[in-house]
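Engineer: My questions will all concern the structure given below.
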Amino acid sequence: MPPGITTLAADAPTLSAANTGFMLICSALVMIMTPGLAFFYGGMVRVKSTLNMLMMSFISLGIVTILWVLYGFSLAFGTDIGSFIGWSSDFAGLSGIGITQLWDGYTIPVYVFAVFQLMFAIITPALISGALADRVKFTSWALFVTLWVTVVYFPVAHWVWGAGGWLFELGVIDFAGGTAVHINAGAAALGVILVIGKRVGFKRDPMRPHSLPLVMLGAGLLWFGWFGFNAGSWLGNDDGVGAVMFVNTQVATAAAMLAWLGYEKLRHGSFTTLGAASGAVAGLVAITPSGGAISPLGAIAVGAIAGVLCAMAVGLKYRFGYDDSLDVVGVHLVGGVVGSLLIGFFATGGVQSDAKGLFYGGGLDQLGKQAVGVFAVLAYSLVVSAVLAFLLDRTIGMRVDEDDEISGIDQVEHAETAYDFSGAGGGAAPRTTGSAPVSDSTAAAQTKKVDA
């Protein structure tokens, strides 16, 4: 994603209604990804945790929006301070921005850029929540989101995309968030789960998804919204780069889904709906940093590689004993690392920049830069996130009580349940079995069996 750049007055762009409208649509598309993620995660958990999973995503829409207006946009995209963080008083509170003031070097207003970036800031902590399913206090989660975006996301966004940010100045390519969003969130998830521990029954109870149709709906919304996430990150349509990114997003996602399903069939003997949804998301993650630097053929390779490696990675939690509930580490961390590093091999030098990968005569230079970006963000997010989780766990506590976790976090934390089965089997006339009548209440009780 290009940060603001300085242009000469004679070459200064003017506001483009077409690009402005396009970016507002892209912002709305990225926004719908967070509810899509909520459905994706909500279907993957057991019945008793559905609402909590939805709420862990939805609360990010509230918290991060307010923080972004107050200081987040200024920290991420304000004037550079030491290549680590930004700050501009005009951006604080969005109080000093003119309604037609343009983002430097582009044809869209600052307000449009700010709201587009806000949607990225919202979904990134929401991604973390999938690793923590079933066991985290909602108040503690809300406070973690507040602290995490402040000390992790806002600085990392500046490193990667802010003018003067050290990774941007180094030449690390991250078109739409492989490092700043996916590696950042995946590493944070790993840091937190190492602190808070496993769910009750991990490796013992099956913990199957309660609604695969909900998972597929969420995956579809994510795939749809991702076109705004990726194609919009060039901030306009004047040179065709955004169109290439749009095509590559579709191509890599398709390749990853097929590759995941192929691996799954060979490894486990079945093509599953959960595998199709997970494979699609793995492809979306991997193409996010790389799609503006590679060709459609390269996108097939990136998607296929990510699909297989992410499918393999989700099983690591059983081997190493960390409870990544919904495979945030296996999909987002691994997919982000794969997509970011493969730029060093598949970058053509003919799309977003002239940087070339190893397979196009560029040597190992770009791969080295990508590796620095990947492991710097991974290490920073992992360590700081673990520290934040540790401090919260030792003060207000991160986990619900064991009995509450077993009985169901929805009822404990939200005083609600996702599905009301109280009327199951109801009817006007009593049922009979032979000559013995069976009351409606008895029939309802007999059919009220839910895999919670």
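Chain lettering (A, B, ...) mirrors the order of the structure tokens, residue numbering begins at 1 for each chain separately, and ligand numbering begins at 1 in order of display.
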Write out as a VMD selection string all residues of range 121-363 of chain A that backbone DSSP assigns to helix (DSSP H, G or I).
Structural biologist: chain A and resid 121 to 132 138 to 161 166 to 170 178 to 196 212 to 234 241 to 268 273 to 290 296 to 313 316 to 320 328 to 346 358 to 360
Engineer: Using only C-alpha atoms, which protein or nucleic acid residues come within 6 Å of Thr124 in chain A? Drop anything in the same chain fewer than 3 positions from it, and give the result as a list in words.
Structural biologist: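 Here the qualifying residues turn out to be Ala121, Leu127, Val181 and Ala185 of chain A.
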Engineer: Which residue gives the smallest distance to Ile59 in chain A among A:Ser95, A:Thr79, A:Asn19, A:Thr139, with only C-alpha atoms counted?
Structural biologist: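 Using only C-alpha atoms, the shortest distance to Ile59 in chain A belongs to A:Thr139.
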Engineer: Which polymer residues have any atom within 10 Å of an atom of Arg199 in chain A, counting only C-alpha atoms, with same-chain residues fewer than 4 positions away left out, as a ChimeraX atom specification?
Structural biologist: /A:132-136,193,203,205,322-325,399,402,405-406
Engineer: Give the answer as one residue: which of A:Val152, A:Ala389, A:Ala355, A:Leu274 has the shortest atom-to-atom distance to Ile183 in chain A, using only C-alpha atoms?
Structural biologist: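 Looking only at the distances to Ile183 in chain A, the closest residue turns out to be A:Val152.
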Engineer: Write out as a ChimeraX atom specification which residues come within 12 Å of Gln366 in chain A when counting only C-alpha atoms, dropping same-chain ones fewer than 5 positions away.
Structural biologist: /A:170-174,293,340-349,353-361,371-373
Engineer: Could you take the residues named above and write them with C-alpha atoms, as a PDB file, in the first residue's frame?
Structural biologist:
ATOM      1  CA  LEU A 170      14.032  -0.591   3.528  1.00  0.00           C
ATOM      2  CA  GLY A 171      11.961  -1.563   0.494  1.00  0.00           C
ATOM      3  CA  VAL A 172       9.828  -4.312   2.026  1.00  0.00           C
ATOM      4  CA  ILE A 173       6.831  -4.989  -0.221  1.00  0.00           C
ATOM      5  CA  ASP A 174       3.489  -5.465   1.513  1.00  0.00           C
ATOM      6  CA  ALA A 293       4.214  -7.676  -7.453  1.00  0.00           C
ATOM      7  CA  SER A 340       5.465 -12.247   1.962  1.00  0.00           C
ATOM      8  CA  LEU A 341       8.538 -14.393   1.337  1.00  0.00           C
ATOM      9  CA  LEU A 342       7.394 -15.635  -2.070  1.00  0.00           C
ATOM     10  CA  ILE A 343       7.597 -12.064  -3.332  1.00  0.00           C
ATOM     11  CA  GLY A 344      11.342 -12.635  -3.208  1.00  0.00           C
ATOM     12  CA  PHE A 345      10.916 -15.401  -5.796  1.00  0.00           C
ATOM     13  CA  PHE A 346       7.974 -14.369  -7.997  1.00  0.00           C
ATOM     14  CA  ALA A 347       8.120 -10.550  -8.197  1.00  0.00           C
ATOM     15  CA  THR A 348       8.192  -9.667 -11.907  1.00  0.00           C
ATOM     16  CA  GLY A 349       9.378  -6.077 -11.627  1.00  0.00           C
ATOM     17  CA  SER A 353       7.472  -1.588  -8.673  1.00  0.00           C
ATOM     18  CA  ASP A 354      10.623  -2.586 -10.531  1.00  0.00           C
ATOM     19  CA  ALA A 355      11.742  -4.934  -7.730  1.00  0.00           C
ATOM     20  CA  LYS A 356      12.394  -8.420  -9.140  1.00  0.00           C
ATOM     21  CA  GLY A 357      12.458 -11.764  -7.412  1.00  0.00           C
ATOM     22  CA  LEU A 358      14.924 -14.594  -7.795  1.00  0.00           C
ATOM     23  CA  PHE A 359      13.005 -16.283 -10.639  1.00  0.00           C
ATOM     24  CA  TYR A 360      13.007 -13.043 -12.651  1.00  0.00           C
ATOM     25  CA  GLY A 361      16.684 -12.205 -12.397  1.00  0.00           C
ATOM     26  CA  ALA A 371      12.624 -11.805   5.437  1.00  0.00           C
ATOM     27  CA  VAL A 372      13.594  -8.799   7.550  1.00  0.00           C
ATOM     28  CA  GLY A 373      10.028  -7.494   7.420  1.00  0.00           C
TER      29      GLY A 373
END
Engineer: Could you please write out, as number ranges by chain, every residue of range 46-134 of chain A that DSSP assigns to strand (DSSP E)?
Structural biologist: A: 79-81, 85-87
Engineer: Can you pull out every residue within 8 Å of Phe154 in chain A, counting only C-alpha atoms, but drop anything in the same chain fewer than 6 positions away, and send it as a list in words?
Structural biologist: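 Skipping anything fewer than 6 positions along the chain leaves Gly72, Phe73, Leu75, Ala76, Ile85 and Ala121 of chain A.
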